[in-house]
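A.B. asks: File follows, data-v4.cif with mmCIF, C-alpha atoms:
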data_input
#
loop_
_atom_site.group_PDB
_atom_site.id
_atom_site.type_symbol
_atom_site.label_atom_id
_atom_site.label_comp_id
_atom_site.auth_asym_id
_atom_site.auth_seq_id
_atom_site.Cartn_x
_atom_site.Cartn_y
_atom_site.Cartn_z
ATOM 1 C CA MET B 1 109.977 113.983 108.942
ATOM 2 C CA ILE B 2 107.033 111.618 108.613
ATOM 3 C CA SER B 3 107.332 108.423 110.616
ATOM 4 C CA PRO B 4 107.278 105.185 108.587
ATOM 5 C CA ILE B 5 105.668 103.430 111.583
ATOM 6 C CA ILE B 6 101.921 103.250 112.316
ATOM 7 C CA LYS B 7 100.061 101.592 115.159
ATOM 8 C CA VAL B 8 97.384 99.152 113.970
ATOM 9 C CA ASP B 9 95.395 97.605 116.791
ATOM 10 C CA ASP B 10 98.179 97.002 119.345
ATOM 11 C CA LYS B 11 100.998 96.496 116.830
ATOM 12 C CA HIS B 12 103.569 98.980 115.571
ATOM 13 C CA LEU B 13 103.833 98.377 111.836
ATOM 14 C CA PRO B 14 106.375 99.718 109.317
ATOM 15 C CA LEU B 15 104.406 101.193 106.399
ATOM 16 C CA TYR B 16 106.701 99.572 103.842
ATOM 17 C CA ARG B 17 105.315 96.135 104.837
ATOM 18 C CA ILE B 18 101.760 97.000 103.704
ATOM 19 C CA VAL B 19 100.796 95.468 100.366
ATOM 20 C CA TRP B 20 97.130 96.532 100.281
ATOM 21 C CA VAL B 21 94.208 97.660 102.463
ATOM 22 C CA SER B 22 90.700 96.295 101.936
ATOM 23 C CA ASP B 23 88.025 98.719 100.830
ATOM 24 C CA VAL B 24 85.104 96.642 102.136
ATOM 25 C CA PRO B 25 84.714 94.782 105.431
ATOM 26 C CA HIS B 26 85.458 91.063 105.564
ATOM 27 C CA PHE B 27 82.536 88.667 105.139
ATOM 28 C CA CYS B 28 83.030 84.929 104.712
ATOM 29 C CA GLY B 29 79.868 83.583 106.334
ATOM 30 C CA GLU B 30 81.695 81.080 108.521
ATOM 31 C CA PRO B 31 79.989 80.819 111.934
ATOM 32 C CA ASP B 32 83.289 80.844 113.843
ATOM 33 C CA CYS B 33 84.912 83.725 111.907
ATOM 34 C CA MET B 34 86.597 86.206 114.253
ATOM 35 C CA HIS B 35 87.090 88.964 111.639
ATOM 36 C CA GLU B 36 83.562 89.445 110.343
ATOM 37 C CA GLY B 37 83.110 93.172 109.621
ATOM 38 C CA ASP B 38 86.809 94.013 110.074
ATOM 39 C CA TYR B 39 89.059 95.455 107.387
ATOM 40 C CA GLU B 40 92.139 93.536 106.277
ATOM 41 C CA VAL B 41 95.548 95.187 106.070
ATOM 42 C CA ARG B 42 97.553 92.779 103.931
ATOM 43 C CA LEU B 43 101.257 92.576 104.685
ATOM 44 C CA ASP B 44 104.161 91.053 102.842
ATOM 45 C CA VAL B 45 105.021 87.374 103.344
ATOM 46 C CA ASP B 46 101.361 86.208 103.466
ATOM 47 C CA ASP B 47 100.443 87.952 106.699
ATOM 48 C CA SER B 48 97.493 90.200 107.589
ATOM 49 C CA LEU B 49 96.289 92.488 110.338
ATOM 50 C CA TRP B 50 92.622 93.213 111.001
ATOM 51 C CA THR B 51 91.205 96.541 112.103
ATOM 52 C CA ASN B 52 87.961 98.499 112.300
ATOM 53 C CA GLY B 53 86.921 101.273 109.904
ATOM 54 C CA GLN B 54 88.677 103.999 111.866
ATOM 55 C CA GLY B 55 91.927 101.980 111.904
ATOM 56 C CA ARG B 56 91.625 101.390 108.153
ATOM 57 C CA ASN B 57 91.249 105.139 107.543
ATOM 58 C CA GLU B 58 94.291 105.872 109.718
ATOM 59 C CA VAL B 59 96.359 103.394 107.703
ATOM 60 C CA LEU B 60 95.244 104.996 104.423
ATOM 61 C CA LYS B 61 96.052 108.499 105.697
ATOM 62 C CA SER B 62 99.486 107.399 106.894
ATOM 63 C CA LEU B 63 100.255 105.673 103.592
ATOM 64 C CA ALA B 64 99.190 108.765 101.625
ATOM 65 C CA ARG B 65 101.382 111.046 103.769
ATOM 66 C CA TRP B 66 104.325 108.642 103.609
ATOM 67 C CA CYS B 67 104.059 108.448 99.814
ATOM 68 C CA GLY B 68 103.834 112.227 99.574
ATOM 69 C CA ASP B 69 100.267 112.248 98.223
ATOM 70 C CA LEU B 70 97.776 114.815 99.398
ATOM 71 C CA LYS B 71 94.838 112.494 98.663
ATOM 72 C CA PRO B 72 94.581 108.901 97.451
ATOM 73 C CA GLU B 73 93.488 108.574 93.819
ATOM 74 C CA ASP B 74 89.805 108.009 93.146
ATOM 75 C CA ASP B 75 88.999 104.602 91.684
ATOM 76 C CA ASP B 76 86.010 106.061 89.853
ATOM 77 C CA SER B 77 86.595 109.552 88.533
ATOM 78 C CA GLU B 78 82.961 109.717 87.366
ATOM 79 C CA THR B 79 81.715 109.855 90.971
ATOM 80 C CA ASP B 80 81.208 113.358 92.309
ATOM 81 C CA ASN B 81 79.999 112.504 95.816
ATOM 82 C CA GLU B 82 81.692 114.762 98.394
ATOM 83 C CA SER B 83 81.148 112.328 101.289
ATOM 84 C CA ASP B 84 83.012 109.580 99.384
ATOM 85 C CA LYS B 85 85.947 111.878 98.634
ATOM 86 C CA ASP B 86 86.556 112.591 102.315
ATOM 87 C CA ASP B 87 85.962 109.012 103.484
ATOM 88 C CA TRP B 88 89.691 108.339 103.814
ATOM 89 C CA LEU B 89 90.187 111.423 106.001
#
Just give me the structure of the file as C-alpha cells.

C.D. replies:
Amino acid sequence: MISPIIKVDDKHLPLYRIVWVSDVPHFCGEPDCMHEGDYEVRLDVDDSLWTNGQGRNEVLKSLARWCGDLKPEDDDSETDNESDKDDWL
C-alpha cells in the first residue's frame, strides 16, 4: 500500500492536503524574501510549504503514485523533449 504521507523539508505532510505544486521557482524581488528560488507546495486553508527542486520532484512523484498515475500529464503535448518528460522523475 502506498503511504499518503510525504516528508517535505522537516514536515510530514498528508498528500490529500496538497492543492498544487509550483512549476517554476519563486521570485518576488523583495530584498528580504526568504523563499527566493524555492518551489511552493500550496496546501489547503491558505498555507504553503517551500522546498528545493529535488523536494518538488519528490512531491510530484508521490502525488502521481498516490493517484495511481504512472506519469503526470504533459501540459504541452506538442513538446517532444525527452529531458522534459523525465524532469518529474

A.B. asks: When you look at segment 14-18 of chain B with a cut-off of 7 Å (counting only C-alpha atoms), what residues show up, excluding the ones that are within fewer than 4 positions of it in the same chain? I need them as a short mmCIF file (atom, residue, chain, number, x, y, z; two decimals) with C-alpha atoms, in the frame of the given file.

C.D. replies:
data_model
loop_
_atom_site.label_atom_id
_atom_site.label_comp_id
_atom_site.auth_asym_id
_atom_site.auth_seq_id
_atom_site.Cartn_x
_atom_site.Cartn_y
_atom_site.Cartn_z
CA PRO B 4 107.28 105.18 108.59
CA ILE B 5 105.67 103.43 111.58
CA ILE B 6 101.92 103.25 112.32
CA VAL B 41 95.55 95.19 106.07
CA ARG B 42 97.55 92.78 103.93
CA LEU B 43 101.26 92.58 104.68
CA ASP B 44 104.16 91.05 102.84
CA LEU B 63 100.26 105.67 103.59
#

A.B. asks: Residues at most 12 Å from Glu58 of chain B, counting only C-alpha atoms, excluding those fewer than 6 positions away in the same chain, as a PyMOL selection string?

C.D. replies: chain B and resi 5-9+15+21+39+41+51-52+64-65+87-89

A.B. asks: Evaluate the PyMOL selection byres ((chain B and resi 37) around 7) and record the selected residues as a compact mmCIF listing (two decimals) with C-alpha atoms, in the frame of the given file, following the chain and residue labels used in the document.

C.D. replies:
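Below is the file that was written, selection.txt:
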# COMPACT_ATOMS: atom_id res chain seq x y z
CA PRO B 25 84.71 94.78 105.43
CA HIS B 26 85.46 91.06 105.56
CA PHE B 27 82.54 88.67 105.14
CA HIS B 35 87.09 88.96 111.64
CA GLU B 36 83.56 89.44 110.34
CA ASP B 38 86.81 94.01 110.07
CA TYR B 39 89.06 95.46 107.39

A.B. asks: Here is a test: counting all atoms listed in the file, which residue of B:Gln54, B:Gly29, B:Val45, B:Val59 is nearest to His12 of chain B?

C.D. replies: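 Of all the options, B:Val59 lies closest to His12 of chain B.
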
A.B. asks: Could you work out how far atom CA of Ser3 of chain B lies from atom CA of Val24 of chain B, giving the answer in Å with one decimal?

C.D. replies: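 Taking atom CA of Val24 of chain B and atom CA of Ser3 of chain B, their separation equals 26.5 Å.
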
A.B. asks: Report, in Å to a single decimal, how far apart atom CA of Leu13 of chain B and atom CA of Glu30 of chain B are.

C.D. replies: 28.3 Å

A.B. asks: Of the candidates B:Asn57, B:Trp20, B:Asp69, B:Trp50, which one gets nearest to Met34 of chain B if we count all atoms listed in the file?

C.D. replies: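 Checking each of B:Asn57, B:Trp20, B:Asp69, B:Trp50 against Met34 of chain B, counting all atoms listed in the file, the winner is B:Trp50.
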
A.B. asks: Between B:Cys33, B:Val19, B:Leu49, B:Ile2, which one has atoms that come closest to Ser62 of chain B, using only C-alpha atoms?

C.D. replies: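 Of all the options, B:Ile2 lies closest to Ser62 of chain B.
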
A.B. asks: Please determine an axis-aligned box that encloses all atoms of segment 9-20 of chain B listed in the file, with 5 Å added on each side, and express its centre and edge lengths in Å to one decimal as AutoDock Vina command-line options.

C.D. replies:
--center_x 101.0 --center_y 98.3 --center_z 109.8 --size_x 21.3 --size_y 15.7 --size_z 29.1
